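The next block holds one structure in the form of structure tokens; read it before the comments.
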Amino acid sequence: MSVIRLENVSFHYRKDEPLIKNLSFYVDEGELFAVLGPNGSGKTTLLKLILGFLRPTLGHIMLFGKNLRVFKEWDRIGYVPQYLSVDKFFTGSVQEIFRAFAKGEKIGWAITYLHLEGLLNRPFIKLSGGERQKVLLALALSTNPDVLILDEPTTGLDIHAQEHIETILKDFKGKKTIVIVSHDIGFVLRIADRVLCMGMETCQVTSTENFKGIIKEIYGLH
Amino acid sequence: MGFTELFPFMWKGIVTAFLISLSSSVIGVYLLIRRLSMLGAGLAHAAFGSIAISIVLEIEPYTFTIIYTILLGLVIEYLIQKKGLPADTLIALVYSFGVALAILILSVWDTLGTNIFSYLFGSILLVSDIEFVSAAFVSFLTLAFFAINYNRVIALLFNEEIAKLKGISVSLINYSLIALASANIVLSIKAVGLILSTSFISIPPMASLLVANSFFSTILFSAFFSFSSTFLGVIVASTFDIPPGSAIVISMVFIFLLMLSGRFFRRILKF
């Protein structure tokens, strides 16, 4: 069953300058689906369309078989934004953030699973990149969602933190539907089942194996 | 005359200053994290134009200016959120327009001088009943709204997109807080004058950032610093017979510098 389905979706911020043009694809249940592409190719815009923050100019988006316009079961979607999106003047502690978004009993298992117990009293902005990413992941997991959507989960992280996030996502692979927006090709190749390439003429949706074969052509590498 | 002798004559002004110092410092934390602290300066100067209009039209300046400034604050928020216009430039626009409007009106109606000066530099002694009741109402409303929506405010300041997905009415809370902030800014004009009115919403929250390690402690420190500097300012002003507005703002800056040095020495001594 398709958990996410886009049918002929187009979107433009300015008239006559479509950022996304006639895009169709689906994401199956339990699949790990990656969206790749250079800066400005519309990756984040696509993510905002799927999450309902933006409305497509043309076409339809379906979540769990329901049109996005009438979809209400947002508890089934867990969203992990980029950790850099939090303002440096935000003084809230990890505990306060968890209290603000989710009741203790719901998020307790995610705190234990991600080993966040020792970070609860620390201000979010004083955590390392990897720790922040895990806090955001715990927030997304608090409702035990069927779908996880992650925006650039490894950007700006050191190699150990990247490996840790990768291990966590591999652990969820097959159990949850995961959509990752990234420009880290190596990370995507190691983890994804299928890849959507954006901002390129030659590639739309392909399996990771096929993507390995055409990667040089797409990126003009020798 | 000392503080105790002056209190019976200016108690309404002093209580107004304390109430507004408290609510402005709390809402100031929200504005600071959203990088909108200069909204205070922009709206206070926009209020200058509004006060000039109301005096010329012979309508009650306080009520008119509160409504005018709240509407302007909401328009600014709309343009930032929906049209993606830069906040600092919009604030500069309303700032300049307010002053330009007031200067234009003052140049045509040259009899407004004494009225306008009490708004420019503040006048705790001349707080009217309506100003006192408005300050008490707005201060209570601000603190109550903040307390009721405390977790929602943390959520939207942390990340608006996650907050929206969790079903929080991000726009409604943002617009409400901007409206309350606008009202607080107008009400602080009487205590410290419009030139200094942005101090209540910017200096105590900034000082609190230097010592707080959670959102709750940021709010508490901000309120404490604001309250203490108002108290210190009023005492110093009545003892040395200097303008209370200036004394309050200088006390705020003094507390800020104290916190800054504390942080500096803590780092050097590593404790």
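Just so we're on the same page: first chain in the structure tokens is A, next is B, and so on; residues restart at 1 for each chain, and ligands are numbered from 1 in the order they show up.
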Counting only C-alpha atoms, which residues in chain B sit no more than 7 Å from chain A? For each one, give the nearest pair of atoms and the distance in Å, sorted by chain then residue number, as CSV.
residue,atom,partner,partner_atom,distance
B:Ile33,CA,A:Phe89,CA,5.4
B:Asn151,CA,A:Ala100,CA,4.4
B:Arg152,CA,A:Ala100,CA,6.3
B:Ile154,CA,A:Ala100,CA,6.3
B:Ala155,CA,A:Ala100,CA,5.5
B:Phe158,CA,A:Val86,CA,5.9
B:Asn159,CA,A:Val86,CA,6.5
B:Ile162,CA,A:Tyr79,CA,6.8
B:Leu165,CA,A:Trp74,CA,6.2
B:Asn213,CA,A:Pro123,CA,6.0
B:Ser214,CA,A:Gly92,CA,4.7
B:Phe215,CA,A:Gly92,CA,4.3
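Note that the spacing between atom CA of A:Asn8 and atom CA of A:Leu36 amounts to 18.9 Å.
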Self-check item: Secondary structure check, helix (DSSP H, G or I) residues of stretch 140-254 of chain B, as a PyMOL selection string
Solution: chain B and resi 140-148+150-158+160-165+170-192+199-209+215-240+244-254
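By only C-alpha atoms, and with residues fewer than 4 positions from B:Thr16 along its chain excluded, the set lying at most 8 Å from it is Lys12, Ile20, Phe132, Ala135, Ala136 and Ala191 of chain B.
Residues with any atom within 8 Å of stretch 119-131 of chain B, counting only C-alpha atoms and excluding same-chain neighbours fewer than 4 positions away, are Phe9, Met10, Lys12, Gly13, Ile14, Ala17, Phe48, Tyr62, Asn115, Ala135, Leu187, Ile189, Lys190, Ala191, Val192, Gly193, Leu194, Ile195, Leu196, Pro244 and Gly245 of chain B.
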Which polymer residues have any atom within 8 Å of an atom of stretch 149-166 of chain A, counting only C-alpha atoms, with same-chain residues fewer than 2 positions away left out, as JSON, numbers by chain? {"A": [44, 47, 77, 78, 79, 80, 81, 82, 129, 130, 133, 134, 147, 168, 169, 170, 178, 179, 180, 181, 182, 183, 184, 187, 191]}
Output N, CA and C atoms of each residue in that selection to a file, as a CSV table (one decimal), in the first residue's frame.
chain,number,residue,atom,x,y,z
A,44,THR,N,13.4,20.7,-0.2
A,44,THR,CA,12.7,21.2,1.0
A,44,THR,C,11.3,21.6,0.7
A,47,LEU,N,9.2,18.6,0.6
A,47,LEU,CA,8.9,18.1,2.0
A,47,LEU,C,7.7,19.0,2.6
A,77,ILE,N,2.4,10.9,11.4
A,77,ILE,CA,3.6,11.4,10.7
A,77,ILE,C,4.6,12.1,11.8
A,78,GLY,N,5.8,11.6,11.8
A,78,GLY,CA,6.8,12.2,12.6
A,78,GLY,C,7.8,13.0,11.7
A,79,TYR,N,8.0,14.3,12.1
A,79,TYR,CA,8.8,15.2,11.3
A,79,TYR,C,10.1,15.6,12.0
A,80,VAL,N,11.2,15.4,11.4
A,80,VAL,CA,12.5,15.8,12.0
A,80,VAL,C,13.1,16.9,11.2
A,81,PRO,N,13.0,18.2,11.6
A,81,PRO,CA,13.6,19.3,10.8
A,81,PRO,C,15.1,19.3,11.0
A,82,GLN,N,15.8,20.2,10.3
A,82,GLN,CA,17.2,20.3,10.5
A,82,GLN,C,17.5,20.9,11.9
A,129,GLY,N,25.6,18.7,17.8
A,129,GLY,CA,24.7,18.5,16.7
A,129,GLY,C,24.0,17.1,16.7
A,130,GLY,N,24.8,16.1,17.1
A,130,GLY,CA,24.2,14.7,17.1
A,130,GLY,C,23.2,14.6,18.2
A,133,GLN,N,20.0,16.3,17.1
A,133,GLN,CA,19.3,15.5,16.2
A,133,GLN,C,18.5,14.4,16.9
A,134,LYS,N,19.1,13.8,17.9
A,134,LYS,CA,18.4,12.7,18.6
A,134,LYS,C,17.2,13.3,19.4
A,147,VAL,N,5.0,7.0,9.8
A,147,VAL,CA,5.9,7.6,8.8
A,147,VAL,C,6.9,8.6,9.5
A,168,ILE,N,20.4,4.2,13.9
A,168,ILE,CA,19.1,4.3,14.4
A,168,ILE,C,18.1,4.2,13.2
A,169,LEU,N,18.4,4.8,12.1
A,169,LEU,CA,17.4,4.7,11.0
A,169,LEU,C,17.4,3.3,10.4
A,170,LYS,N,18.6,2.6,10.4
A,170,LYS,CA,18.6,1.2,9.9
A,170,LYS,C,17.7,0.3,10.8
A,178,ILE,N,10.0,5.6,6.0
A,178,ILE,CA,10.9,6.7,6.2
A,178,ILE,C,11.2,7.4,4.9
A,179,VAL,N,11.1,8.8,5.0
A,179,VAL,CA,11.4,9.6,3.9
A,179,VAL,C,12.6,10.5,4.3
A,180,ILE,N,13.7,10.5,3.6
A,180,ILE,CA,14.8,11.3,4.0
A,180,ILE,C,15.1,12.3,2.9
A,181,VAL,N,15.2,13.6,3.2
A,181,VAL,CA,15.7,14.6,2.2
A,181,VAL,C,17.2,14.8,2.5
A,182,SER,N,18.0,14.7,1.5
A,182,SER,CA,19.4,14.8,1.8
A,182,SER,C,20.2,15.2,0.5
A,183,HIS,N,21.4,15.7,0.7
A,183,HIS,CA,22.3,15.8,-0.4
A,183,HIS,C,23.6,15.0,-0.2
A,184,ASP,N,23.5,14.2,0.8
A,184,ASP,CA,24.6,13.3,1.2
A,184,ASP,C,24.5,12.0,0.4
A,187,PHE,N,25.5,8.6,2.2
A,187,PHE,CA,24.6,8.2,3.2
A,187,PHE,C,23.3,7.6,2.6
A,191,ILE,N,21.7,3.5,2.7
A,191,ILE,CA,20.5,3.3,3.6
A,191,ILE,C,19.2,3.1,2.8
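Of note, atom CA of B:Ile66 and atom CA of B:Leu79 are spaced 20.0 Å apart.
Taking atom CA of A:Ser207 and atom CA of A:Tyr26 as endpoints, the distance between them is 12.7 Å.
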In terms of only C-alpha atoms, the residue from B:Ser21, B:Ser222, B:Ser261, B:Ser188 at minimal distance from B:Pro204 is B:Ser222
